[in-house]
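**Q** Before I ask anything, here is the structure I am working with.
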Amino acid sequence: MSAPNSEPLRKQERAILLSFLLDLAGFLPTIVIAVFSGSILLMSDLLAYGRGLFTTFMGWQILRSIRLGRIQGYDYGTDKIQAFAGVIGSALYLGTLGLFAIWAIGRLFEPSEPNYTFILLGVLFQSIDGASSAWLWQRNKRMAQLEFSPVMEMQWRANRADALLSFAVVIGLSVTLLLRDLPWAVYLDPILALCFITYVGLSFLPILANGVNDLLDKTLQEDLQLRIDRRLAEHFDDFDAFHGVRSRRAGGRIFIEIALGFDSETTMEAAQNTVRQLCEKLERDIPGSEVRVVLMP
């Protein structure tokens, strides 16, 4: 059976697949140019491509499994699975940036002159790659805003980082070409790389922190709990026993489960009417919530 909201998931799945195919198409040219250029910025792009290929493929598989209903058995929706994918993808990218930083620092102490012919090829290829990543960045960001998804949230941030990386590489390589006759030009690559790492690393920390929070078993905030209590008080005479509230956040949604008991003399129609009114009121009071009432003896 297909998961709810299959059409938004289908669009997100296709968007992730497109990112994967574009990364795959650019991987081989990047390897050839990077190896023969000797540029740290171009060599570091191999790490970014490896990260991109892994995370986009993993995200596509997860969204596809959710859409086809292969991932089941989660009481609070499939957003937990997407949050987990977002955390893994963000952590991998931050780890890649750490390796990039170590590499750049090493080059500051042991600079080497690159091959300027392949540097020029790198400028042309990175310009195309940057334009492609910028387009994906805007496209996937709009899609993530229409239908919240931790996977899409991670993906558009990755596309943004890829676009900025490509343009930073273009600037760094262009300056290196223009100033190649000066003795200190060999330090431009690692210096620009370290500046980039600082910016992108800081931009990825919020999504990583939010993903970790989603994975934790957190209950509702006090103000939301008060809204639930107020609605229960309104219907105090309609049910016989209150057995508690379970709540959890998952991605952009809030899942609420209320356990109520009804007197044996209460008709099924009356109980269903109480349940319907309670759910409608709470979902109106708490945007993005899904409320379920469980009948207890």
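Ordering of the structure tokens sets the chain letters (A, B, ...), residue numbers begin anew at 1 in every chain, and ligands are numbered from 1 in the order given.
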I'd like the contact shell of Tyr49 of chain A - 9 Å cut-off, only C-alpha atoms, skipping same-chain residues fewer than 4 positions apart - returned as a list in words.
**A**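 Final neighbour list, sorted by chain and number: Asp23, Leu24, Gly26, Phe27, Thr30, Ser44, Asp45, Leu53, Phe54 and Asp162 of chain A.
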**Q** Quick one: everything within 7 Å of segment 59-64 of chain A, counting only C-alpha atoms, minus sequence neighbours fewer than 6 positions away in the same chain. Send it as number ranges by chain.
**A** A: 9, 13, 16-17, 85, 151
**Q** Can I get the selection written as a compact mmCIF listing (two decimals), in the first residue's frame, with N, CA, C and O atoms?
**A**
```txt
# COMPACT_ATOMS: atom_id res chain seq x y z
N LEU A 9 5.82 13.05 -2.41
CA LEU A 9 6.97 12.16 -2.28
C LEU A 9 7.54 11.77 -3.64
O LEU A 9 8.76 11.66 -3.81
N GLU A 13 11.22 12.49 -4.81
CA GLU A 13 12.03 11.35 -5.24
C GLU A 13 12.69 11.63 -6.59
O GLU A 13 13.89 11.37 -6.78
N ILE A 16 15.56 14.23 -6.19
CA ILE A 16 16.77 13.63 -5.64
C ILE A 16 17.48 12.78 -6.70
O ILE A 16 18.71 12.80 -6.83
N LEU A 17 16.69 12.05 -7.49
CA LEU A 17 17.28 11.21 -8.55
C LEU A 17 17.99 12.08 -9.59
O LEU A 17 19.06 11.71 -10.08
N ALA A 85 18.01 10.08 7.71
CA ALA A 85 18.78 10.26 6.47
C ALA A 85 19.41 11.65 6.42
O ALA A 85 20.55 11.82 5.99
N VAL A 151 14.94 15.02 4.22
CA VAL A 151 15.82 14.64 3.11
C VAL A 151 15.97 15.78 2.13
O VAL A 151 17.07 16.12 1.69
```
**Q** Taking into account only C-alpha atoms, which residue in the set A:Val200, A:Leu295, A:Leu182, A:Leu173 is nearest to Gly98 of chain A?
**A**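 Going through A:Val200, A:Leu295, A:Leu182, A:Leu173 one by one, the smallest distance to Gly98 of chain A is for A:Val200.
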**Q** Leaving out Leu278 of chain A and any residue of its chain fewer than 6 positions from it, which residues lie within 10 Å of it when counting only C-alpha atoms, given as number ranges by chain?
**A** A: 228, 231-232, 234-235, 258, 272, 284, 291-293
**Q** To one decimal place in Å, what is the distance between atom CA of Asn140 of chain A and atom CA of Met152 of chain A?
**A**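 Between atom CA of Asn140 of chain A and atom CA of Met152 of chain A the gap works out to 6.7 Å.
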**Q** So, with only C-alpha atoms as the atoms that count, which of A:Gly244, A:Asn273, A:Pro190, A:Gln225 lies closest to Ile286 of chain A?
**A**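 Ranking A:Gly244, A:Asn273, A:Pro190, A:Gln225 by distance to Ile286 of chain A, first place goes to A:Gln225.
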**Q** With only C-alpha atoms as the basis for distance, which of A:Leu226, A:Leu178, A:Ala144, A:Cys279 is at the shortest distance from Lys11 of chain A?
**A** A:Ala144
**Q** Between atom CA of Ile171 of chain A and atom CA of Ala91 of chain A, what distance in Å does the model show, to one decimal?
**A**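 Atom CA of Ala91 of chain A lies 27.1 Å from atom CA of Ile171 of chain A.
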